[in-house]
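Read the structure below first, then the notes.
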Number of protein chains: 2
Amino acid sequence: EIVAAVEAHFADGPLQGKRILVTSGPTHEPIDPVRYIANRSSGAQGTAVARALASLGAHVVFVTGPADVPPPDGVEVVAVQSAREMADAVQAALPVDAGVFAAAVADWRVASASDRKLKKSKDGLPVLEFAENPDILKTVSRMEQGRPGLVVGFAAETNDVIENATAKRLRKGCDWIVANDVSPATGIMGGAENAVILISDTGAEEWPRMSKSDVATQLAERIAAKLVG
Amino acid sequence: EIVAAVEAHFADGPLQGKRILVTSGPTHEPIDPVRYIANRSSGAQGTAVARALASLGAHVVFVTGPADVPPPDGVEVVAVQSAREMADAVQAALPVDAGVFAAAVADWRVASASDRKLKKSKDGLPVLEFAENPDILKTVSRMEQGRPGLVVGFAAETNDVIENATAKRLRKGCDWIVANDVSPATGIMGGAENAVILISDTGAEEWPRMSKSDVATQLAERIAAKLVG
């Protein structure tokens with residue numbers, strides 16, 4: 001009903017009738033019942049992108065890890081914790097016209113997560129064995145059937161941003177990469193602003209530093225131009 | 001100035017003139033600039049205890065990790081991230097009349113935290129080596145000079161709660177342990193209620209399940225009775 005109301009409200013947006021998946025936030029990978037491994041992601045940029053796409057009329061499926069910011073109004077929210085849960089939620093959301101993968105997904109999980117709290121005295125220093133998590137962006141980008149018409153990845157880099165993000169785009173097989181420098185000195189991680197570089201098959205386009213909300217609006221407009229332009 | 005105002009306001013509380021340290025929240029131990037290990041602690045119980053102590057007139061030094069809930073009004077807030085930062089902040093807060101150690105402090109840190117984001121492609125599965133963090137509760141409990149008159153620890157257990165918490169009290173050397181069962185089925189972790197067992201030299205006293213705020217009020221009253229009663 002909410003979705004219907006929103007779609008009615010934005011029925012005149014350019015993305016009307018388009019179904020777009022947005023992932024956002026960090027994932028939490030359990031070590032034991034009280035400990036986990038997390039990524040530093042507030043979810044602010046992904047949430048802003050979802051809001052901007054919805055405001056252009058898209059039906060947004062918003063798959064979010066445990067973020068600091070609440071999900072936007074007017075989207076279909078699917079809340080998950082771990083990377084594997086996120087991968088399952090993404091599969092369940094398909095097919096979509098476009099996918100924007102803004103979540104900071106853990107590359108690894110703890111292979112032998114414990115059902116009991118590891119005890120300091122008995123267990124000494126932990127030995128954690130890791131296993132690779134599913135690569136959500138790569139899996140969707142390389143779908144042979146039913147691939148979204150546009151797949152947008154994000155790259156959070158701390159050095160050699162353009163080089164690393166360009167390589168990531170080719171490795172994953174996505175269409176665009178929104179790259180940014182999340183080194184602590186930039187204040188971008190957890191902050192209100194972002195300075196992104198949009199990497200596509202035509203090269204790297206540096207956007208001026210602006211609010212995450214403005215980045216989201218511009219990205220949503222680019223997506224609309226690509227899907228319906 | 002805020003502290004002065006609060007102390008004036010509560011000048012008639014039984015803990016007037018007492019300086020009490022409360023630690024709260026989780027700690028975050030960095031793996032690299034974008035990943036960290038965390039404990040599942042909302043900070044709700046520690047925050048409630050600090051609020052209750054302040055309302056009885058104490059000057060509360062509130063050393064908090066990155067919690068979900070905001071710190072209470074009327075306390076001196078020291079915000080930290082890692083266990084080592086918390087240990088330093090605790091040392092800096094001494095001497096105190098009592099210390100309540102409600103934080104979920106990481107037992108270990110990553111010994112070789114990386115300045116650069118670990119790359120999936122280049123680095124393969126990570127091998128994390130751990131080092132023991134300082135044991136804040138034990139260190140304060142076993143101070144030979146200047147030990148707080150009352151040291152209260154917390155124990156978050158998932159099994160054999162009384163047995164584990166009783167052993168913890170003896171191992172750490174603290175006076176009281178507030179123990180609870182944080183198994184997911186209890187709903188205590190992240191929830192509004194708590195069911196605690198107060199463990200002291202006279203044994204284990206089970207409190208009925210009640211709000212974290214009521215647990216805090218009762219604990220603060222017990223602390224006041226011990227310090228000034």
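Chain identifiers are assigned as A, B, and so on, following the order in which chains appear in the structure tokens; residues are numbered from 1 within each chain, and ligands are numbered from 1 in order of appearance.
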Residue list (alpha helix (DSSP H), DSSP) for segment 30-160 of chain B, as number ranges by chain: B: 44-55, 83-93, 120-123, 136-141
Please report as a PDB file with N, CA and C atoms, in the first residue's frame which residues of chain B come no farther than 10 Å from chain A, using only C-alpha atoms.
ATOM      1  N   PRO B  26      30.290  -0.487  23.431  1.00  0.00           N
ATOM      2  CA  PRO B  26      31.252  -1.454  22.896  1.00  0.00           C
ATOM      3  C   PRO B  26      32.608  -0.770  22.699  1.00  0.00           C
ATOM      4  N   HIS B  28      35.579  -0.624  19.496  1.00  0.00           N
ATOM      5  CA  HIS B  28      35.845  -0.984  18.101  1.00  0.00           C
ATOM      6  C   HIS B  28      37.350  -1.142  17.925  1.00  0.00           C
ATOM      7  N   GLU B  29      37.746  -2.281  17.436  1.00  0.00           N
ATOM      8  CA  GLU B  29      39.168  -2.580  17.247  1.00  0.00           C
ATOM      9  C   GLU B  29      39.453  -2.618  15.750  1.00  0.00           C
ATOM     10  N   PRO B  30      40.281  -1.683  15.257  1.00  0.00           N
ATOM     11  CA  PRO B  30      40.480  -1.605  13.812  1.00  0.00           C
ATOM     12  C   PRO B  30      41.213  -2.809  13.220  1.00  0.00           C
ATOM     13  N   ILE B  31      40.739  -3.220  12.030  1.00  0.00           N
ATOM     14  CA  ILE B  31      41.456  -4.207  11.216  1.00  0.00           C
ATOM     15  C   ILE B  31      42.263  -3.459  10.153  1.00  0.00           C
ATOM     16  N   ASP B  32      41.599  -2.494   9.530  1.00  0.00           N
ATOM     17  CA  ASP B  32      42.217  -1.606   8.540  1.00  0.00           C
ATOM     18  C   ASP B  32      41.355  -0.339   8.542  1.00  0.00           C
ATOM     19  N   PRO B  33      41.585   0.605   7.642  1.00  0.00           N
ATOM     20  CA  PRO B  33      40.816   1.857   7.775  1.00  0.00           C
ATOM     21  C   PRO B  33      39.302   1.695   7.623  1.00  0.00           C
ATOM     22  N   VAL B  34      38.848   0.608   7.024  1.00  0.00           N
ATOM     23  CA  VAL B  34      37.396   0.477   6.815  1.00  0.00           C
ATOM     24  C   VAL B  34      36.761  -0.707   7.532  1.00  0.00           C
ATOM     25  N   ARG B  35      37.543  -1.502   8.223  1.00  0.00           N
ATOM     26  CA  ARG B  35      36.990  -2.685   8.891  1.00  0.00           C
ATOM     27  C   ARG B  35      37.391  -2.692  10.356  1.00  0.00           C
ATOM     28  N   TYR B  36      36.507  -3.226  11.179  1.00  0.00           N
ATOM     29  CA  TYR B  36      36.834  -3.310  12.596  1.00  0.00           C
ATOM     30  C   TYR B  36      36.077  -4.459  13.234  1.00  0.00           C
ATOM     31  N   ILE B  37      36.542  -4.835  14.407  1.00  0.00           N
ATOM     32  CA  ILE B  37      35.846  -5.844  15.201  1.00  0.00           C
ATOM     33  C   ILE B  37      35.107  -5.123  16.314  1.00  0.00           C
ATOM     34  N   ALA B  38      33.847  -5.496  16.496  1.00  0.00           N
ATOM     35  CA  ALA B  38      33.007  -4.812  17.475  1.00  0.00           C
ATOM     36  C   ALA B  38      32.332  -5.822  18.384  1.00  0.00           C
ATOM     37  N   ASN B  39      31.854  -5.310  19.493  1.00  0.00           N
ATOM     38  CA  ASN B  39      31.014  -6.100  20.387  1.00  0.00           C
ATOM     39  C   ASN B  39      29.584  -5.631  20.256  1.00  0.00           C
ATOM     40  N   ARG B  40      28.668  -6.556  20.391  1.00  0.00           N
ATOM     41  CA  ARG B  40      27.251  -6.181  20.372  1.00  0.00           C
ATOM     42  C   ARG B  40      26.884  -5.594  21.720  1.00  0.00           C
ATOM     43  N   SER B  41      26.994  -4.290  21.844  1.00  0.00           N
ATOM     44  CA  SER B  41      26.557  -3.604  23.068  1.00  0.00           C
ATOM     45  C   SER B  41      25.944  -2.294  22.640  1.00  0.00           C
ATOM     46  N   ASP B  68      25.012   2.918  20.712  1.00  0.00           N
ATOM     47  CA  ASP B  68      23.825   3.254  19.918  1.00  0.00           C
ATOM     48  C   ASP B  68      23.024   4.387  20.552  1.00  0.00           C
ATOM     49  N   ALA B 104      31.409  -3.210  27.112  1.00  0.00           N
ATOM     50  CA  ALA B 104      31.770  -4.503  26.523  1.00  0.00           C
ATOM     51  C   ALA B 104      33.104  -4.302  25.816  1.00  0.00           C
ATOM     52  N   ALA B 106      36.587  -5.146  24.118  1.00  0.00           N
ATOM     53  CA  ALA B 106      37.173  -6.240  23.341  1.00  0.00           C
ATOM     54  C   ALA B 106      38.347  -6.843  24.112  1.00  0.00           C
ATOM     55  N   ASP B 107      38.351  -8.167  24.226  1.00  0.00           N
ATOM     56  CA  ASP B 107      39.461  -8.828  24.903  1.00  0.00           C
ATOM     57  C   ASP B 107      40.743  -8.751  24.068  1.00  0.00           C
ATOM     58  N   TRP B 108      40.556  -8.688  22.743  1.00  0.00           N
ATOM     59  CA  TRP B 108      41.724  -8.701  21.860  1.00  0.00           C
ATOM     60  C   TRP B 108      41.630  -7.576  20.861  1.00  0.00           C
ATOM     61  N   ARG B 109      42.758  -7.195  20.379  1.00  0.00           N
ATOM     62  CA  ARG B 109      42.817  -6.278  19.244  1.00  0.00           C
ATOM     63  C   ARG B 109      43.575  -6.986  18.135  1.00  0.00           C
ATOM     64  N   ASP B 115      47.274   0.125   7.741  1.00  0.00           N
ATOM     65  CA  ASP B 115      46.963   1.516   7.413  1.00  0.00           C
ATOM     66  C   ASP B 115      46.210   1.620   6.096  1.00  0.00           C
ATOM     67  N   ARG B 116      46.280   0.589   5.286  1.00  0.00           N
ATOM     68  CA  ARG B 116      45.631   0.596   3.989  1.00  0.00           C
ATOM     69  C   ARG B 116      44.524  -0.436   3.990  1.00  0.00           C
ATOM     70  N   LYS B 117      43.526  -0.187   3.189  1.00  0.00           N
ATOM     71  CA  LYS B 117      42.431  -1.144   3.060  1.00  0.00           C
ATOM     72  C   LYS B 117      42.971  -2.444   2.479  1.00  0.00           C
ATOM     73  N   LEU B 118      42.708  -3.543   3.143  1.00  0.00           N
ATOM     74  CA  LEU B 118      43.126  -4.839   2.615  1.00  0.00           C
ATOM     75  C   LEU B 118      42.351  -5.095   1.327  1.00  0.00           C
ATOM     76  N   LYS B 119      43.046  -5.469   0.269  1.00  0.00           N
ATOM     77  CA  LYS B 119      42.403  -5.659  -1.026  1.00  0.00           C
ATOM     78  C   LYS B 119      42.086  -7.137  -1.214  1.00  0.00           C
ATOM     79  N   LYS B 120      40.876  -7.352  -1.681  1.00  0.00           N
ATOM     80  CA  LYS B 120      40.420  -8.724  -1.886  1.00  0.00           C
ATOM     81  C   LYS B 120      41.321  -9.477  -2.861  1.00  0.00           C
ATOM     82  N   SER B 121      41.621  -8.839  -3.985  1.00  0.00           N
ATOM     83  CA  SER B 121      42.302  -9.572  -5.054  1.00  0.00           C
ATOM     84  C   SER B 121      43.755  -9.848  -4.702  1.00  0.00           C
ATOM     85  N   GLY B 124      44.106 -11.948  -0.771  1.00  0.00           N
ATOM     86  CA  GLY B 124      43.474 -13.225  -0.450  1.00  0.00           C
ATOM     87  C   GLY B 124      42.751 -13.150   0.881  1.00  0.00           C
ATOM     88  N   LEU B 125      42.565 -14.308   1.491  1.00  0.00           N
ATOM     89  CA  LEU B 125      41.909 -14.300   2.787  1.00  0.00           C
ATOM     90  C   LEU B 125      42.867 -13.724   3.822  1.00  0.00           C
ATOM     91  N   PRO B 126      42.341 -12.912   4.713  1.00  0.00           N
ATOM     92  CA  PRO B 126      43.243 -12.274   5.674  1.00  0.00           C
ATOM     93  C   PRO B 126      43.703 -13.262   6.745  1.00  0.00           C
ATOM     94  N   VAL B 127      44.862 -13.010   7.270  1.00  0.00           N
ATOM     95  CA  VAL B 127      45.315 -13.716   8.457  1.00  0.00           C
ATOM     96  C   VAL B 127      45.469 -12.643   9.532  1.00  0.00           C
ATOM     97  N   LEU B 128      44.576 -12.685  10.482  1.00  0.00           N
ATOM     98  CA  LEU B 128      44.606 -11.663  11.529  1.00  0.00           C
ATOM     99  C   LEU B 128      45.307 -12.223  12.751  1.00  0.00           C
ATOM    100  N   GLU B 129      46.302 -11.503  13.206  1.00  0.00           N
ATOM    101  CA  GLU B 129      46.948 -11.907  14.450  1.00  0.00           C
ATOM    102  C   GLU B 129      46.443 -11.005  15.556  1.00  0.00           C
ATOM    103  N   PHE B 130      46.130 -11.611  16.661  1.00  0.00           N
ATOM    104  CA  PHE B 130      45.525 -10.865  17.749  1.00  0.00           C
ATOM    105  C   PHE B 130      46.513 -10.675  18.896  1.00  0.00           C
ATOM    106  N   ALA B 131      46.284  -9.616  19.642  1.00  0.00           N
ATOM    107  CA  ALA B 131      47.029  -9.384  20.874  1.00  0.00           C
ATOM    108  C   ALA B 131      46.011  -9.102  21.968  1.00  0.00           C
ATOM    109  N   GLU B 132      46.364  -9.439  23.197  1.00  0.00           N
ATOM    110  CA  GLU B 132      45.429  -9.186  24.297  1.00  0.00           C
ATOM    111  C   GLU B 132      45.346  -7.713  24.606  1.00  0.00           C
ATOM    112  N   ALA B 156      28.596 -10.396  30.679  1.00  0.00           N
ATOM    113  CA  ALA B 156      27.598 -10.784  29.671  1.00  0.00           C
ATOM    114  C   ALA B 156      27.881 -12.230  29.299  1.00  0.00           C
ATOM    115  N   GLU B 157      27.006 -13.098  29.712  1.00  0.00           N
ATOM    116  CA  GLU B 157      27.242 -14.525  29.507  1.00  0.00           C
ATOM    117  C   GLU B 157      26.194 -15.111  28.574  1.00  0.00           C
ATOM    118  N   THR B 158      26.545 -16.203  27.945  1.00  0.00           N
ATOM    119  CA  THR B 158      25.559 -16.882  27.112  1.00  0.00           C
ATOM    120  C   THR B 158      25.250 -18.281  27.654  1.00  0.00           C
ATOM    121  N   ASN B 159      25.960 -18.679  28.692  1.00  0.00           N
ATOM    122  CA  ASN B 159      25.705 -19.998  29.284  1.00  0.00           C
ATOM    123  C   ASN B 159      26.330 -20.026  30.672  1.00  0.00           C
ATOM    124  N   ASN B 164      29.930 -18.732  35.588  1.00  0.00           N
ATOM    125  CA  ASN B 164      30.931 -17.934  34.877  1.00  0.00           C
ATOM    126  C   ASN B 164      31.157 -16.587  35.549  1.00  0.00           C
ATOM    127  N   LYS B 168      34.401 -15.001  37.322  1.00  0.00           N
ATOM    128  CA  LYS B 168      34.939 -13.735  36.828  1.00  0.00           C
ATOM    129  C   LYS B 168      35.214 -12.774  37.988  1.00  0.00           C
ATOM    130  N   ARG B 171      38.404 -13.827  39.623  1.00  0.00           N
ATOM    131  CA  ARG B 171      39.552 -13.673  38.733  1.00  0.00           C
ATOM    132  C   ARG B 171      39.942 -12.205  38.606  1.00  0.00           C
ATOM    133  N   VAL B 182      22.982 -12.924  27.879  1.00  0.00           N
ATOM    134  CA  VAL B 182      22.763 -12.178  26.640  1.00  0.00           C
ATOM    135  C   VAL B 182      22.526 -13.109  25.449  1.00  0.00           C
ATOM    136  N   SER B 183      22.148 -14.338  25.721  1.00  0.00           N
ATOM    137  CA  SER B 183      21.791 -15.225  24.604  1.00  0.00           C
ATOM    138  C   SER B 183      20.721 -14.544  23.768  1.00  0.00           C
ATOM    139  N   PRO B 184      20.772 -14.712  22.445  1.00  0.00           N
ATOM    140  CA  PRO B 184      19.794 -14.036  21.591  1.00  0.00           C
ATOM    141  C   PRO B 184      18.346 -14.260  22.029  1.00  0.00           C
ATOM    142  N   MET B 189      20.091  -8.219  24.885  1.00  0.00           N
ATOM    143  CA  MET B 189      21.069  -7.421  24.155  1.00  0.00           C
ATOM    144  C   MET B 189      20.344  -6.554  23.133  1.00  0.00           C
TER     145      MET B 189
END
Within 9 Å of Arg142 of chain B, counting only C-alpha atoms, which residues show up once you throw out same-chain ones fewer than 6 positions away? Write them as an mmCIF file with all heavy atoms, in the first residue's frame, please.
data_model
loop_
_atom_site.group_PDB
_atom_site.id
_atom_site.type_symbol
_atom_site.label_atom_id
_atom_site.label_comp_id
_atom_site.auth_asym_id
_atom_site.auth_seq_id
_atom_site.Cartn_x
_atom_site.Cartn_y
_atom_site.Cartn_z
ATOM 1 N N LYS B 172 38.931 -11.336 38.524
ATOM 2 C CA LYS B 172 39.218 -9.914 38.340
ATOM 3 C C LYS B 172 39.577 -9.234 39.652
ATOM 4 O O LYS B 172 40.330 -8.264 39.659
ATOM 5 C CB LYS B 172 37.995 -9.195 37.753
ATOM 6 C CG LYS B 172 37.487 -9.793 36.449
ATOM 7 C CD LYS B 172 38.481 -9.630 35.321
ATOM 8 C CE LYS B 172 37.833 -10.099 34.017
ATOM 9 N NZ LYS B 172 38.782 -10.070 32.897
ATOM 10 N N GLY B 173 38.968 -9.703 40.743
ATOM 11 C CA GLY B 173 39.202 -9.028 42.017
ATOM 12 C C GLY B 173 38.274 -7.855 42.271
ATOM 13 O O GLY B 173 38.544 -7.005 43.124
ATOM 14 N N CYS B 174 37.158 -7.791 41.544
ATOM 15 C CA CYS B 174 36.206 -6.703 41.780
ATOM 16 C C CYS B 174 35.274 -7.083 42.929
ATOM 17 O O CYS B 174 35.261 -8.220 43.391
ATOM 18 C CB CYS B 174 35.434 -6.373 40.511
ATOM 19 S SG CYS B 174 34.515 -7.738 39.821
#
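The spacing separating atom CA of Trp176 of chain A from atom CA of Ala103 of chain A amounts to 15.0 Å.
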Need to verify the contact set: Gly13 of chain B, 8 Å, only C-alpha atoms, exclusion of same-chain residues closer than 3 positions in sequence. Can you return it as an mmCIF file with C-alpha atoms, in the first residue's frame?
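Below is the file around.cif, written as the result:
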data_model
loop_
_atom_site.group_PDB
_atom_site.id
_atom_site.type_symbol
_atom_site.label_atom_id
_atom_site.label_comp_id
_atom_site.auth_asym_id
_atom_site.auth_seq_id
_atom_site.Cartn_x
_atom_site.Cartn_y
_atom_site.Cartn_z
ATOM 1 C CA PHE B 10 21.368 17.411 42.714
ATOM 2 C CA GLN B 16 26.811 14.425 46.493
ATOM 3 C CA SER B 55 20.504 11.751 39.616
ATOM 4 C CA LEU B 56 21.632 10.698 43.116
ATOM 5 C CA GLY B 57 24.114 13.553 43.093
ATOM 6 C CA ALA B 58 27.333 11.844 41.961
#
Contacts of Gly146 of chain A within 10 Å, only C-alpha atoms, excl. fewer than 2 positions in-chain, as number ranges by chain: A: 94-97, 140, 142-144, 148-149
Would you write out those residues with N, CA and C atoms, as a tab-separated table (two decimals), in the first residue's frame?
chain	number	residue	atom	x	y	z
A	94	LEU	N	15.61	-9.55	-7.72
A	94	LEU	CA	15.72	-9.57	-9.19
A	94	LEU	C	14.44	-10.12	-9.82
A	95	PRO	N	14.10	-9.79	-11.06
A	95	PRO	CA	14.84	-8.90	-11.94
A	95	PRO	C	14.56	-7.42	-11.65
A	96	VAL	N	15.55	-6.59	-11.99
A	96	VAL	CA	15.41	-5.14	-11.84
A	96	VAL	C	15.94	-4.47	-13.11
A	97	ASP	N	15.54	-3.24	-13.30
A	97	ASP	CA	16.03	-2.48	-14.46
A	97	ASP	C	17.45	-1.96	-14.23
A	140	VAL	N	26.03	-10.27	-10.02
A	140	VAL	CA	24.95	-9.61	-10.77
A	140	VAL	C	25.49	-9.08	-12.09
A	142	ARG	N	27.74	-10.18	-13.96
A	142	ARG	CA	28.08	-11.22	-14.94
A	142	ARG	C	26.94	-12.21	-15.19
A	143	MET	N	25.73	-11.82	-14.79
A	143	MET	CA	24.59	-12.70	-15.08
A	143	MET	C	24.43	-12.86	-16.59
A	144	GLU	N	24.22	-14.10	-17.01
A	144	GLU	CA	24.06	-14.31	-18.45
A	144	GLU	C	22.63	-14.07	-18.90
A	148	PRO	N	20.56	-6.84	-14.95
A	148	PRO	CA	19.98	-5.49	-15.01
A	148	PRO	C	20.60	-4.70	-16.16
A	149	GLY	N	19.82	-3.82	-16.74
A	149	GLY	CA	20.32	-3.02	-17.85
A	149	GLY	C	21.47	-2.11	-17.46
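Atom CA of Leu53 of chain A sits 18.9 Å away from atom CA of Trp207 of chain A.
Remark: for Gln218 of chain B, the closest of the candidate residues B:Ala52, B:Ala113, B:Asp160, B:Asp135 is B:Ala52 (distances computed over only C-alpha atoms).
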Residue contacts of Pro71 of chain B (9 Å, only C-alpha atoms) excluding same-chain residues fewer than 3 positions away, as a list in words: Gly43, Thr47, Ala48, Ala50, Arg51, Phe62, Thr64, Ala67, Val75 and Val77 of chain B
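Across the structure, atom CA of Ala87 of chain A and atom CA of Val22 of chain A are spaced 12.3 Å apart.
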Near-Val90 of chain B list (8 Å; only C-alpha atoms; drop same-chain fewer than 2 positions) as a ChimeraX atom specification: /B:21,63,86-88,92-94,136
Could you write out that same residue set with N, CA, C and O atoms as a compact mmCIF listing (two decimals), in the first residue's frame?
# COMPACT_ATOMS: atom_id res chain seq x y z
N LEU B 21 33.13 6.63 38.31
CA LEU B 21 33.46 6.32 36.92
C LEU B 21 32.48 5.26 36.40
O LEU B 21 32.22 4.27 37.09
N VAL B 63 32.88 7.12 30.52
CA VAL B 63 33.81 6.75 29.45
C VAL B 63 33.08 5.78 28.53
O VAL B 63 32.76 4.66 28.93
N MET B 86 40.09 3.26 25.86
CA MET B 86 39.25 3.22 27.07
C MET B 86 40.11 3.07 28.32
O MET B 86 39.88 3.72 29.34
N ALA B 87 41.11 2.20 28.23
CA ALA B 87 42.00 1.99 29.38
C ALA B 87 42.70 3.29 29.76
O ALA B 87 42.81 3.64 30.94
N ASP B 88 43.15 4.03 28.76
CA ASP B 88 43.81 5.31 29.03
C ASP B 88 42.84 6.30 29.67
O ASP B 88 43.20 7.02 30.61
N ALA B 92 43.00 8.08 33.38
CA ALA B 92 42.96 9.54 33.51
C ALA B 92 41.84 9.99 34.43
O ALA B 92 41.91 11.08 35.00
N ALA B 93 40.80 9.16 34.57
CA ALA B 93 39.65 9.55 35.39
C ALA B 93 39.89 9.30 36.88
O ALA B 93 39.19 9.85 37.72
N LEU B 94 40.84 8.46 37.19
CA LEU B 94 41.11 8.12 38.60
C LEU B 94 41.76 9.31 39.31
O LEU B 94 42.38 10.13 38.67
N ILE B 136 40.90 -3.90 31.81
CA ILE B 136 40.61 -2.68 32.57
C ILE B 136 40.05 -3.00 33.94
O ILE B 136 40.49 -2.47 34.97
Residues flagged strand (DSSP E or B) by DSSP in segment 40-229 of chain A, as a ChimeraX atom specification: /A:59-64,76-79,98-101,104,108-110,130-132,150-157,176-181,193-194,196-200,203-206,210-211
